[in-house]
>>> print(open('input14.csv').read())   # CSV, C-alpha atoms and all ligand atoms
chain,number,residue,atom,x,y,z
C,6,MET,CA,0.0,0.0,0.0
C,7,SER,CA,1.4,3.4,-0.9
C,8,LYS,CA,2.0,6.1,1.7
C,9,PRO,CA,-0.9,8.1,3.0
C,10,LEU,CA,-1.3,11.5,1.2
C,11,LEU,CA,-1.1,14.7,3.1
C,12,ILE,CA,-1.6,18.0,1.4
C,13,ALA,CA,-1.1,21.3,3.3
C,14,ASN,CA,-3.3,24.0,1.7
C,15,TRP,CA,-1.9,27.2,3.1
C,16,LYS,CA,-4.4,29.3,1.1
C,17,ASN,CA,-3.5,33.0,1.5
C,18,HIS,CA,-1.6,32.4,4.8
C,19,PRO,CA,0.6,33.0,6.7
C,20,GLU,CA,0.8,36.8,6.4
C,21,SER,CA,4.5,36.9,5.7
C,22,LEU,CA,7.3,34.8,4.3
C,23,ALA,CA,9.1,35.2,7.7
C,24,ARG,CA,6.2,33.6,9.4
C,25,GLY,CA,6.1,30.8,6.7
C,26,THR,CA,9.8,30.1,7.4
C,27,ASN,CA,9.0,29.7,11.1
C,28,ILE,CA,6.3,27.2,10.3
C,29,LEU,CA,8.8,25.3,8.1
C,30,GLN,CA,11.3,25.2,10.9
C,31,GLY,CA,8.7,23.4,13.0
C,32,PHE,CA,8.0,21.0,10.1
C,33,SER,CA,11.6,20.3,9.6
C,34,LYS,CA,11.9,18.9,13.2
C,35,LYS,CA,9.4,16.3,12.3
C,36,GLN,CA,11.0,15.3,9.0
C,37,SER,CA,11.2,11.6,9.8
C,38,LEU,CA,7.5,11.5,10.6
C,39,PHE,CA,6.5,13.4,7.4
C,40,LYS,CA,8.7,11.1,5.3
C,41,LYS,CA,6.3,8.3,6.2
C,42,THR,CA,3.6,10.2,4.3
C,43,SER,CA,3.4,11.5,0.8
C,44,LEU,CA,3.5,15.2,1.8
C,45,PHE,CA,2.8,18.1,-0.4
C,46,ILE,CA,2.8,21.7,0.7
C,47,ALA,CA,0.8,24.4,-1.3
C,48,PRO,CA,2.0,27.8,-0.1
C,49,PRO,CA,1.1,31.2,-1.6
C,50,LEU,CA,2.9,31.7,-4.9
C,51,PRO,CA,5.4,34.3,-3.8
C,52,TYR,CA,6.7,31.9,-1.2
C,53,PHE,CA,7.5,29.2,-3.7
C,54,GLU,CA,11.2,29.6,-4.1
C,55,THR,CA,11.9,29.6,-0.3
C,56,VAL,CA,9.5,26.9,0.5
C,57,SER,CA,10.7,24.5,-2.3
C,58,LYS,CA,14.3,24.8,-1.0
C,59,LYS,CA,13.4,24.3,2.7
C,60,ILE,CA,11.2,21.2,2.2
C,61,LYS,CA,13.2,19.3,-0.3
C,62,ASN,CA,14.2,16.5,2.1
C,63,TYR,CA,10.7,15.5,3.1
C,64,ALA,CA,8.0,17.1,1.0
C,65,THR,CA,7.1,18.3,-2.5
C,66,LEU,CA,5.7,21.7,-3.6
C,67,ALA,CA,2.1,21.9,-4.8
C,68,ALA,CA,0.0,24.6,-6.4
C,69,GLN,CA,-3.4,25.8,-5.0
C,70,ASP,CA,-4.7,26.3,-8.5
C,71,ILE,CA,-3.6,26.0,-12.1
C,72,PHE,CA,-4.2,28.2,-15.1
C,73,PHE,CA,-6.5,26.6,-17.7
C,74,THR,CA,-4.1,26.7,-20.6
C,75,SER,CA,-0.4,26.4,-21.0
C,76,GLU,CA,-0.5,28.3,-24.3
C,77,GLY,CA,-0.5,32.0,-25.3
C,78,THR,CA,0.3,35.3,-23.5
C,79,HIS,CA,-1.6,36.2,-20.4
C,80,THR,CA,-1.0,39.1,-18.1
C,81,GLY,CA,-1.0,38.3,-14.4
C,82,VAL,CA,-1.0,34.6,-14.9
C,83,VAL,CA,1.3,31.8,-13.7
C,84,THR,CA,1.5,29.0,-16.2
C,85,PRO,CA,1.9,25.3,-15.5
C,86,GLU,CA,5.4,25.6,-17.0
C,87,ILE,CA,6.4,28.2,-14.4
C,88,LEU,CA,4.9,26.1,-11.6
C,89,LYS,CA,6.9,23.1,-12.8
C,90,SER,CA,10.1,25.1,-12.8
C,91,PHE,CA,9.8,25.4,-9.1
C,92,GLY,CA,9.3,21.7,-8.7
C,93,VAL,CA,5.5,21.6,-8.5
C,94,LYS,CA,4.2,18.1,-9.0
C,95,LEU,CA,0.6,18.4,-8.0
C,96,SER,CA,-2.1,21.1,-8.1
C,97,ILE,CA,-5.4,21.6,-6.2
C,98,ILE,CA,-8.1,22.3,-8.7
C,99,GLY,CA,-11.7,23.5,-8.2
C,100,HIS,CA,-11.4,24.3,-4.5
C,101,SER,CA,-14.7,25.5,-3.2
C,102,GLU,CA,-13.2,28.9,-2.4
C,103,ARG,CA,-12.3,29.3,-6.1
C,104,ARG,CA,-15.7,28.0,-7.2
C,105,ALA,CA,-17.2,30.7,-4.9
C,106,LEU,CA,-15.3,33.3,-7.0
C,107,GLY,CA,-17.2,32.1,-10.0
C,108,GLU,CA,-15.1,29.1,-11.3
C,109,THR,CA,-17.5,26.8,-13.1
C,110,ASN,CA,-17.4,23.0,-13.6
C,111,GLU,CA,-16.5,23.7,-17.2
C,112,VAL,CA,-13.5,25.7,-16.2
C,113,VAL,CA,-12.5,23.2,-13.6
C,114,ALA,CA,-12.7,20.4,-16.3
C,115,GLN,CA,-10.4,22.5,-18.5
C,116,LYS,CA,-7.9,22.9,-15.7
C,117,VAL,CA,-7.9,19.2,-15.0
C,118,LYS,CA,-7.1,18.6,-18.6
C,119,THR,CA,-4.3,21.2,-18.7
C,120,SER,CA,-2.9,19.7,-15.5
C,121,LEU,CA,-2.8,16.2,-16.9
C,122,LEU,CA,-1.2,17.5,-20.1
C,123,SER,CA,1.4,19.4,-18.1
C,124,ASN,CA,2.3,16.3,-16.0
C,125,ILE,CA,1.0,17.9,-12.8
C,126,THR,CA,-1.2,15.6,-10.8
C,127,PRO,CA,-4.7,17.2,-10.5
C,128,VAL,CA,-6.4,17.0,-7.1
C,129,LEU,CA,-9.9,17.7,-8.1
C,130,CYS,CA,-12.0,19.1,-5.2
C,131,VAL,CA,-15.7,18.3,-5.0
C,132,GLY,CA,-18.2,18.7,-2.2
C,133,GLU,CA,-21.7,19.8,-1.5
C,134,THR,CA,-22.4,23.2,0.0
C,135,THR,CA,-25.2,22.0,2.3
C,136,ARG,CA,-26.8,18.7,3.5
C,137,ASP,CA,-30.4,17.9,4.1
C,138,THR,CA,-32.3,14.8,5.0
C,139,GLU,CA,-33.6,14.5,1.5
C,140,GLY,CA,-30.2,13.5,0.3
C,141,ASP,CA,-30.0,16.2,-2.5
C,142,HIS,CA,-26.2,16.3,-1.9
C,143,PHE,CA,-25.8,13.0,-3.6
C,144,GLY,CA,-27.2,14.3,-6.9
C,145,PHE,CA,-25.2,17.5,-6.5
C,146,LEU,CA,-22.0,15.6,-6.0
C,147,GLN,CA,-22.7,13.2,-8.9
C,148,GLU,CA,-23.2,16.2,-11.3
C,149,GLN,CA,-20.2,18.1,-10.0
C,150,LEU,CA,-17.9,15.1,-10.5
C,151,LYS,CA,-19.3,14.3,-14.0
C,152,LEU,CA,-19.0,17.9,-15.2
C,153,SER,CA,-15.6,18.5,-13.6
C,154,LEU,CA,-14.3,15.4,-15.4
C,155,GLU,CA,-16.0,16.2,-18.7
C,156,GLY,CA,-13.8,15.0,-21.6
C,157,ILE,CA,-11.4,13.0,-19.4
C,158,ARG,CA,-12.0,9.4,-20.3
C,159,ARG,CA,-8.7,7.9,-21.0
C,160,LYS,CA,-7.7,5.2,-18.7
C,161,ASP,CA,-4.2,6.5,-18.1
C,162,ASP,CA,-5.6,10.0,-17.3
C,163,ALA,CA,-8.1,8.6,-14.8
C,164,GLU,CA,-5.3,6.7,-13.0
C,165,ARG,CA,-3.3,10.0,-12.5
C,166,LEU,CA,-6.2,11.7,-10.8
C,167,ILE,CA,-6.8,12.4,-7.1
C,168,ILE,CA,-10.2,13.3,-5.8
C,169,ALA,CA,-10.5,15.5,-2.7
C,170,TYR,CA,-13.9,15.3,-1.1
C,171,GLU,CA,-14.4,18.6,0.7
C,172,PRO,CA,-17.9,19.3,1.9
C,173,VAL,CA,-18.1,23.0,1.9
C,174,TRP,CA,-20.0,23.2,5.1
C,175,ALA,CA,-17.2,21.5,7.0
C,176,ILE,CA,-14.3,23.8,5.8
C,177,GLY,CA,-12.6,26.2,8.1
C,178,LYS,CA,-14.4,25.1,11.3
C,179,THR,CA,-13.3,22.8,14.1
C,180,ALA,CA,-13.1,19.0,14.5
C,181,LYS,CA,-16.5,18.8,16.0
C,182,ASP,CA,-18.2,20.5,13.0
C,183,ALA,CA,-16.4,18.3,10.5
C,184,MET,CA,-17.8,15.3,8.8
C,185,GLN,CA,-18.4,12.2,11.0
C,186,PRO,CA,-16.5,9.0,10.0
C,187,SER,CA,-19.7,7.0,9.3
C,188,ASP,CA,-20.9,9.7,6.9
C,189,LEU,CA,-17.5,9.9,5.3
C,190,SER,CA,-17.5,6.1,4.7
C,191,GLN,CA,-20.9,6.5,2.9
C,192,MET,CA,-19.6,9.3,0.7
C,193,ILE,CA,-16.5,7.4,-0.3
C,194,ILE,CA,-18.6,4.5,-1.5
C,195,PHE,CA,-20.8,7.0,-3.4
C,196,ILE,CA,-17.9,8.8,-5.0
C,197,LYS,CA,-16.4,5.4,-6.1
C,198,LYS,CA,-19.7,4.5,-7.6
C,199,VAL,CA,-19.8,7.7,-9.7
C,200,LEU,CA,-16.2,7.3,-10.7
C,201,THR,CA,-17.1,3.8,-11.9
C,202,GLU,CA,-19.9,5.3,-14.0
C,203,ILE,CA,-17.5,7.8,-15.5
C,204,PHE,CA,-14.6,5.5,-16.1
C,205,ASP,CA,-14.7,1.8,-15.3
C,206,ARG,CA,-14.4,-0.3,-12.1
C,207,GLU,CA,-10.6,-0.9,-12.5
C,208,SER,CA,-9.7,2.7,-13.1
C,209,ALA,CA,-12.1,4.0,-10.4
C,210,ASP,CA,-10.5,1.6,-7.9
C,211,LYS,CA,-7.1,3.2,-8.5
C,212,ILE,CA,-8.2,6.8,-8.0
C,213,PRO,CA,-7.3,7.9,-4.4
C,214,ILE,CA,-10.0,9.8,-2.5
C,215,ILE,CA,-8.8,12.1,0.2
C,216,TYR,CA,-10.9,14.2,2.6
C,217,GLY,CA,-10.7,17.9,3.6
C,218,GLY,CA,-12.7,20.1,5.9
C,219,SER,CA,-11.6,20.8,9.4
C,220,VAL,CA,-9.2,17.9,9.8
C,221,GLU,CA,-7.6,18.5,13.1
C,222,PRO,CA,-5.5,16.5,15.6
C,223,GLU,CA,-8.8,15.6,17.4
C,224,ASN,CA,-10.5,13.9,14.5
C,225,ALA,CA,-7.7,12.7,12.1
C,226,LYS,CA,-7.5,9.2,13.5
C,227,GLN,CA,-11.2,8.4,13.3
C,228,LEU,CA,-11.6,9.9,9.8
C,229,PHE,CA,-8.6,8.0,8.6
C,230,ASP,CA,-10.1,4.7,9.9
C,231,THR,CA,-12.4,4.9,6.9
C,232,ASP,CA,-11.4,4.0,3.4
C,233,ILE,CA,-9.9,7.5,2.9
C,234,ARG,CA,-6.3,7.7,1.5
C,235,GLY,CA,-5.3,11.0,3.0
C,236,PHE,CA,-6.2,14.5,3.9
C,237,LEU,CA,-6.2,18.0,2.5
C,238,VAL,CA,-5.5,20.2,5.5
C,239,GLY,CA,-6.1,23.9,5.7
C,240,HIS,CA,-5.8,25.8,9.0
C,241,ALA,CA,-4.2,22.9,10.9
C,242,SER,CA,-1.4,22.8,8.4
C,243,LEU,CA,-0.2,26.2,9.6
C,244,ASP,CA,0.6,24.9,13.1
C,245,PRO,CA,3.5,22.5,13.0
C,246,GLN,CA,2.4,20.7,16.2
C,247,SER,CA,-1.1,20.1,15.0
C,248,PHE,CA,0.0,19.1,11.5
C,249,ALA,CA,2.5,16.6,13.0
C,250,THR,CA,-0.2,15.1,15.2
C,251,ILE,CA,-2.4,14.6,12.1
C,252,ALA,CA,0.5,13.0,10.3
C,253,GLU,CA,1.1,10.7,13.3
C,254,ALA,CA,-2.6,9.6,13.1
C,255,ILE,CA,-2.3,8.4,9.6
C,256,VAL,CA,1.1,6.7,9.4
C,301,LIG,P1,-9.7,23.6,6.6
C,301,LIG,O1,-9.5,23.8,5.1
C,301,LIG,O2,-8.8,22.4,7.0
C,301,LIG,O3,-9.2,24.8,7.2
C,301,LIG,O4,-11.1,23.3,6.9
C,301,LIG,C1,-9.5,22.7,4.2
C,301,LIG,C2,-9.5,23.2,2.8
C,301,LIG,O5,-10.2,24.2,2.5
C,301,LIG,O6,-8.8,22.7,1.9
>>> encode(input="input14.csv", output="structure tokens", more="lines below")
Ligand code: PGA
Amino acid sequence: MSKPLLIANWKNHPESLARGTNILQGFSKKQSLFKKTSLFIAPPLPYFETVSKKIKNYATLAAQDIFFTSEGTHTGVVTPEILKSFGVKLSIIGHSERRALGETNEVVAQKVKTSLLSNITPVLCVGETTRDTEGDHFGFLQEQLKLSLEGIRRKDDAERLIIAYEPVWAIGKTAKDAMQPSDLSQMIIFIKKVLTEIFDRESADKIPIIYGGSVEPENAKQLFDTDIRGFLVGHASLDPQSFATIAEAIV
């Protein structure tokens, strides 16, 4: 079995590179622990050079987003080629905070394609905004997955994908507001079923599904006791002690 996946999504934090360097000093003390995971760190773009140098013994640089094409001239854009020149191997795509800014499933699908073409592993984020007893979230998720993977049908593309299930209502809260392990187990089965409809059973089985949404030291172990293959961690990845405790829970 491959190592558990751990992705630190720093979003637009911390507020300065100096503070980021402090966090990395804390991470570096836990190198041997982090090496037991497949660790990716996605910092703000201006921190890339420093972060990539400091993490090279135990982690890989990741992007929080990717531009939807690698061609042409575009002001204010960072292309996949530039990301790769810093050692980026993986990109978060379609995070709910980007979808909230207007990113559609169509754009997300284009980004997944560009990422695959650029040899950057796409981590496609999906997740319902709200839940109700009617179970509408199943239909929502099914449609979001299908549209975000529109046009991606090749077996070898499918097998390079990672799905991050991130229910929007659980993001940026605390462990007690996060998803419960029994609900997570149900959602993993559902996502696998949809992936089987999109691709086939064999490819769907190979796509790792990770969870994000208030993963903290308090709930990491229980959530990992499901069929989940790793975590996408926001706020808790800015605190070396919390992040190390999460890593300990999954190795
Ligand atoms: P959170 O963020 O861990 O702070 O909930 C996760 C994410 O948005 O990727």
>>> residues_around(input="input14.csv", residues="Leu121 of chain C", least_positions_apart="3", cutoff="12 Å", atoms="all atoms listed in the file", output="JSON, numbers by chain")
{"C": [71, 73, 74, 75, 85, 94, 95, 96, 98, 114, 115, 116, 117, 118, 124, 125, 126, 127, 128, 129, 154, 157, 158, 159, 161, 162, 163, 164, 165, 166, 167]}
>>> closest_atom_pairs(input="input14.csv", of="chain C", to="ligand LIG 301 (chain C)", cutoff="9 Å", atoms="only C-alpha atoms and all ligand atoms", output="CSV")
residue,atom,partner,partner_atom,distance
C:Ile12,CA,C:LIG301,O6,8.6
C:Ala13,CA,C:LIG301,O6,8.0
C:Asn14,CA,C:LIG301,O6,5.7
C:Trp15,CA,C:LIG301,O6,8.3
C:Lys16,CA,C:LIG301,O5,7.8
C:Ile97,CA,C:LIG301,O6,8.9
C:His100,CA,C:LIG301,O6,7.1
C:Ser101,CA,C:LIG301,O5,7.4
C:Glu102,CA,C:LIG301,O5,7.4
C:Cys130,CA,C:LIG301,O6,8.6
C:Ala169,CA,C:LIG301,O6,8.7
C:Glu171,CA,C:LIG301,C2,7.0
C:Val173,CA,C:LIG301,O5,8.0
C:Ala175,CA,C:LIG301,O4,6.4
C:Ile176,CA,C:LIG301,O4,3.4
C:Gly177,CA,C:LIG301,O4,3.5
C:Lys178,CA,C:LIG301,O4,5.8
C:Thr179,CA,C:LIG301,O4,7.5
C:Ala180,CA,C:LIG301,O4,9.0
C:Ala183,CA,C:LIG301,O4,8.1
C:Tyr216,CA,C:LIG301,C1,8.8
C:Gly217,CA,C:LIG301,C1,5.0
C:Gly218,CA,C:LIG301,O4,3.7
C:Ser219,CA,C:LIG301,O4,3.6
C:Val220,CA,C:LIG301,O2,5.3
C:Glu221,CA,C:LIG301,O2,7.3
C:Phe236,CA,C:LIG301,O6,8.8
C:Leu237,CA,C:LIG301,O6,5.4
C:Val238,CA,C:LIG301,O2,4.2
C:Gly239,CA,C:LIG301,O2,3.4
C:His240,CA,C:LIG301,O3,4.0
C:Ala241,CA,C:LIG301,O2,6.1
C:Ser242,CA,C:LIG301,O2,7.5
>>> residues_around(input="input14.csv", residues="Gly31 of chain C", least_positions_apart="5", cutoff="12 Å", atoms="all atoms listed in the file", output="ChimeraX atom specification")
/C:24-26,36,39,59-60,242-249
>>> closest_residue(input="input14.csv", among="C:Glu155, C:Glu111, C:Glu133, C:Asp230", to="Tyr170 of chain C", atoms="only C-alpha atoms")
C:Glu133
>>> atom_distance(input="input14.csv", atom1="atom CA of Leu29 of chain C", atom2="atom CA of Ile255 of chain C")
20.3 Å
>>> residues_around(input="input14.csv", residues="Lys61 of chain C", least_positions_apart="3", cutoff="12 Å", atoms="all atoms listed in the file", output="ChimeraX atom specification")
/C:29,32-33,36,39-40,44-46,53-58,64-66,91-93
>>> closest_residue(input="input14.csv", among="C:Leu200, C:Ile87, C:Ala47, C:Ile251", to="Ile214 of chain C", atoms="only C-alpha atoms")
C:Leu200
>>> closest_residue(input="input14.csv", among="C:Asn110, C:Ser123, C:Thr201, C:Gln191", to="Gly140 of chain C", atoms="all atoms listed in the file")
C:Gln191
>>> closest_residue(input="input14.csv", among="C:Ile193, C:Phe72, C:Val131, C:Ala105", to="Phe145 of chain C", atoms="only C-alpha atoms")
C:Val131
>>> atom_distance(input="input14.csv", atom1="atom CA of Leu88 of chain C", atom2="atom CA of Ala68 of chain C")
7.3 Å
>>> residues_near_point(input="input14.csv", point="(-1.2, 12.9, -1.9)", cutoff="6 Å", atoms="all atoms listed in the file", output="PyMOL selection string")
chain C and resi 10-11+43
>>> build_atoms(input="input14.csv", residues="segment 23-44 of chain C", atoms="N, CA, C and O atoms", output="CSV table (one decimal), in the coordinates of the input")
chain,number,residue,atom,x,y,z
C,23,ALA,N,8.4,35.4,6.4
C,23,ALA,CA,9.1,35.2,7.7
C,23,ALA,C,8.3,34.2,8.6
C,23,ALA,O,8.9,33.2,9.1
C,24,ARG,N,7.0,34.4,8.6
C,24,ARG,CA,6.2,33.6,9.4
C,24,ARG,C,6.1,32.1,8.8
C,24,ARG,O,6.1,31.1,9.5
C,25,GLY,N,6.1,32.1,7.5
C,25,GLY,CA,6.1,30.8,6.7
C,25,GLY,C,7.4,30.0,7.0
C,25,GLY,O,7.3,28.8,7.3
C,26,THR,N,8.5,30.8,7.1
C,26,THR,CA,9.8,30.1,7.4
C,26,THR,C,9.8,29.5,8.8
C,26,THR,O,10.3,28.4,9.0
C,27,ASN,N,9.1,30.2,9.7
C,27,ASN,CA,9.0,29.7,11.1
C,27,ASN,C,8.2,28.4,11.1
C,27,ASN,O,8.6,27.5,11.8
C,28,ILE,N,7.1,28.4,10.4
C,28,ILE,CA,6.3,27.2,10.3
C,28,ILE,C,7.2,26.0,9.8
C,28,ILE,O,7.2,24.9,10.3
C,29,LEU,N,8.0,26.3,8.7
C,29,LEU,CA,8.8,25.3,8.1
C,29,LEU,C,9.9,24.8,9.0
C,29,LEU,O,10.3,23.6,9.0
C,30,GLN,N,10.3,25.7,9.9
C,30,GLN,CA,11.3,25.2,10.9
C,30,GLN,C,10.7,24.1,11.8
C,30,GLN,O,11.3,23.1,12.1
C,31,GLY,N,9.4,24.4,12.2
C,31,GLY,CA,8.7,23.4,13.0
C,31,GLY,C,8.5,22.1,12.2
C,31,GLY,O,8.7,21.0,12.8
C,32,PHE,N,8.2,22.2,10.9
C,32,PHE,CA,8.0,21.0,10.1
C,32,PHE,C,9.3,20.2,10.0
C,32,PHE,O,9.3,19.0,10.1
C,33,SER,N,10.4,20.9,9.9
C,33,SER,CA,11.6,20.3,9.6
C,33,SER,C,12.1,19.4,10.8
C,33,SER,O,12.7,18.3,10.6
C,34,LYS,N,11.6,19.8,12.0
C,34,LYS,CA,11.9,18.9,13.2
C,34,LYS,C,11.2,17.6,13.1
C,34,LYS,O,11.5,16.7,13.9
C,35,LYS,N,10.2,17.5,12.3
C,35,LYS,CA,9.4,16.3,12.3
C,35,LYS,C,9.6,15.6,10.9
C,35,LYS,O,8.7,14.8,10.5
C,36,GLN,N,10.7,15.8,10.3
C,36,GLN,CA,11.0,15.3,9.0
C,36,GLN,C,10.8,13.8,8.9
C,36,GLN,O,10.2,13.3,7.9
C,37,SER,N,11.3,13.1,9.9
C,37,SER,CA,11.2,11.6,9.8
C,37,SER,C,9.8,11.1,9.8
C,37,SER,O,9.4,10.2,9.2
C,38,LEU,N,9.0,11.8,10.6
C,38,LEU,CA,7.5,11.5,10.6
C,38,LEU,C,6.9,11.8,9.2
C,38,LEU,O,6.2,11.0,8.6
C,39,PHE,N,7.2,13.0,8.7
C,39,PHE,CA,6.5,13.4,7.4
C,39,PHE,C,7.0,12.5,6.3
C,39,PHE,O,6.2,12.3,5.3
C,40,LYS,N,8.2,12.0,6.4
C,40,LYS,CA,8.7,11.1,5.3
C,40,LYS,C,7.9,9.8,5.2
C,40,LYS,O,7.9,9.1,4.2
C,41,LYS,N,7.2,9.5,6.2
C,41,LYS,CA,6.3,8.3,6.2
C,41,LYS,C,5.0,8.6,5.5
C,41,LYS,O,4.1,7.7,5.3
C,42,THR,N,4.8,9.8,5.1
C,42,THR,CA,3.6,10.2,4.3
C,42,THR,C,4.1,10.7,2.9
C,42,THR,O,5.3,10.9,2.7
C,43,SER,N,3.1,10.9,2.0
C,43,SER,CA,3.4,11.5,0.8
C,43,SER,C,3.0,13.0,1.0
C,43,SER,O,1.8,13.3,0.8
C,44,LEU,N,3.9,13.8,1.4
C,44,LEU,CA,3.5,15.2,1.8
C,44,LEU,C,3.7,16.2,0.7
C,44,LEU,O,4.8,16.3,0.1
